[in-house]
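A quick write-up on the structure given underneath.
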Amino acid sequence: VTHVLVAALQSVGGLKPTVKRVQRLAVGDRQFLLRCLGPRLVGDSVWHSRDCPACGQRLIVALRYSNLPVKTAGTGYPFVEVRTSLRAAPVRFRVPTGEDQEAIHCDSSKMPLRRMLARRLAADEAIESADFSEADLEQIEEAVEAIAPEIGLRGVADCPKCGAPCTVEFDLYA
């Protein structure tokens with residue numbers, strides 16, 4: 001994704017797009033840029049298929065890049081404070097970036113992804129993600145998600161055979 005965006009963008013914040021600049025963009029911003037790039041590369045409509053979970057009927061649905069909903073950044077973006085079980089004072093976290101995605105993807109440790117991401121997003125380097133409780137991780141995830149910009153990547157279509165709602169996922173990275 002980083003290399004595609006570096007090649008496609010004319011600028012990032014008025015500056016030449018470099019690998020480092022594009023990696024440091026928030027995940028939601030990178031998704032938005034892919035949402036804008038998709039129609040230029042493959043057209044606005046992308047066909048997806050899915051089997052109905054209720055009756056097994058095959059659904060074929062056209063999703064449009066231009067119809068994907070955009071959630072803008074929330075108050076305090078790109079940082080949020082979360083009270084955890086580790087200390088009385090809140091811990092400051094930032095939204096994930098492409099650099100975080102790439103680091104986690106390439107990490108060979110067996111640490112669970114949520115813990116690894118929490119460690120990377122904690123602004124206080126003295127905080128160890130292994131010390132966060134599961135409830136802490138839930139709170140961190142919810143707080144970061146509340147302020148992070150993002151693209152809606154799911155839609156619901158009714159099965160033409162039985163009428164059951166079927167969730168269709170849009171893969172921006174495909």
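All residue names refer to the structure tokens as shown: chains lettered A, B, ... in order, residues numbered from 1 in each chain, ligands numbered from 1 in order.
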Quick check for you: according to DSSP on this backbone, which residues of region 18-105 of chain A are classed as strand (DSSP E or B)? Reply as a ChimeraX atom specification. /A:26,45-51,58-64,70-71,79-82,91-94,97
Skipping near chain neighbours, those fewer than 3 positions away, what residues fall within 6 Å of Ala118 (chain A) using only C-alpha atoms, listed as number ranges by chain? A: 115, 121, 129
Mind checking DSSP for chain A and telling me the helix (DSSP H, G or I) residues as number ranges by chain? A: 2-8, 19-23, 27-42, 65-67, 98-106, 113-121, 129-131, 134-147
Cut-off 12 Å: closest region 4-73 of chain A/region 138-147 of chain A atom pairs per residue, using only C-alpha atoms, as JSON lines:
```
{"residue": "A:Ala26", "atom": "CA", "partner": "A:Ile147", "partner_atom": "CA", "distance": 11.2}
{"residue": "A:Val27", "atom": "CA", "partner": "A:Glu145", "partner_atom": "CA", "distance": 11.0}
{"residue": "A:Gly28", "atom": "CA", "partner": "A:Glu145", "partner_atom": "CA", "distance": 10.1}
{"residue": "A:Lys71", "atom": "CA", "partner": "A:Ile147", "partner_atom": "CA", "distance": 9.3}
{"residue": "A:Thr72", "atom": "CA", "partner": "A:Ile147", "partner_atom": "CA", "distance": 8.1}
{"residue": "A:Ala73", "atom": "CA", "partner": "A:Ile147", "partner_atom": "CA", "distance": 5.3}
```
Please write the residues from the selection above to a file, keeping N, CA, C and O atoms, as a PDB file, in the first residue's frame.
```pdb
ATOM      1  N   ALA A  26      -2.168   8.054   8.977  1.00  0.00           N
ATOM      2  CA  ALA A  26      -3.088   7.188   9.720  1.00  0.00           C
ATOM      3  C   ALA A  26      -3.701   6.159   8.776  1.00  0.00           C
ATOM      4  O   ALA A  26      -3.877   6.416   7.581  1.00  0.00           O
ATOM      5  N   VAL A  27      -4.020   4.999   9.301  1.00  0.00           N
ATOM      6  CA  VAL A  27      -4.614   3.930   8.500  1.00  0.00           C
ATOM      7  C   VAL A  27      -5.854   4.436   7.764  1.00  0.00           C
ATOM      8  O   VAL A  27      -6.028   4.179   6.576  1.00  0.00           O
ATOM      9  N   GLY A  28      -6.717   5.187   8.458  1.00  0.00           N
ATOM     10  CA  GLY A  28      -7.930   5.706   7.826  1.00  0.00           C
ATOM     11  C   GLY A  28      -7.627   6.664   6.684  1.00  0.00           C
ATOM     12  O   GLY A  28      -8.336   6.683   5.678  1.00  0.00           O
ATOM     13  N   LYS A  71     -15.785   8.129   7.736  1.00  0.00           N
ATOM     14  CA  LYS A  71     -15.909   8.649   9.102  1.00  0.00           C
ATOM     15  C   LYS A  71     -14.705   9.552   9.330  1.00  0.00           C
ATOM     16  O   LYS A  71     -13.553   9.116   9.216  1.00  0.00           O
ATOM     17  N   THR A  72     -14.971  10.815   9.632  1.00  0.00           N
ATOM     18  CA  THR A  72     -13.875  11.757   9.846  1.00  0.00           C
ATOM     19  C   THR A  72     -13.266  11.573  11.233  1.00  0.00           C
ATOM     20  O   THR A  72     -13.867  10.938  12.109  1.00  0.00           O
ATOM     21  N   ALA A  73     -12.094  12.138  11.416  1.00  0.00           N
ATOM     22  CA  ALA A  73     -11.393  12.042  12.691  1.00  0.00           C
ATOM     23  C   ALA A  73     -12.210  12.700  13.800  1.00  0.00           C
ATOM     24  O   ALA A  73     -12.885  13.700  13.580  1.00  0.00           O
TER      25      ALA A  73
END
```
Which polymer residues have any atom within 7 Å of an atom of region 44-56 of chain A, counting only C-alpha atoms, with same-chain residues fewer than 6 positions away left out, as an MDAnalysis selection string? chainID A and resid 38 62:66 159 162 164 166 168
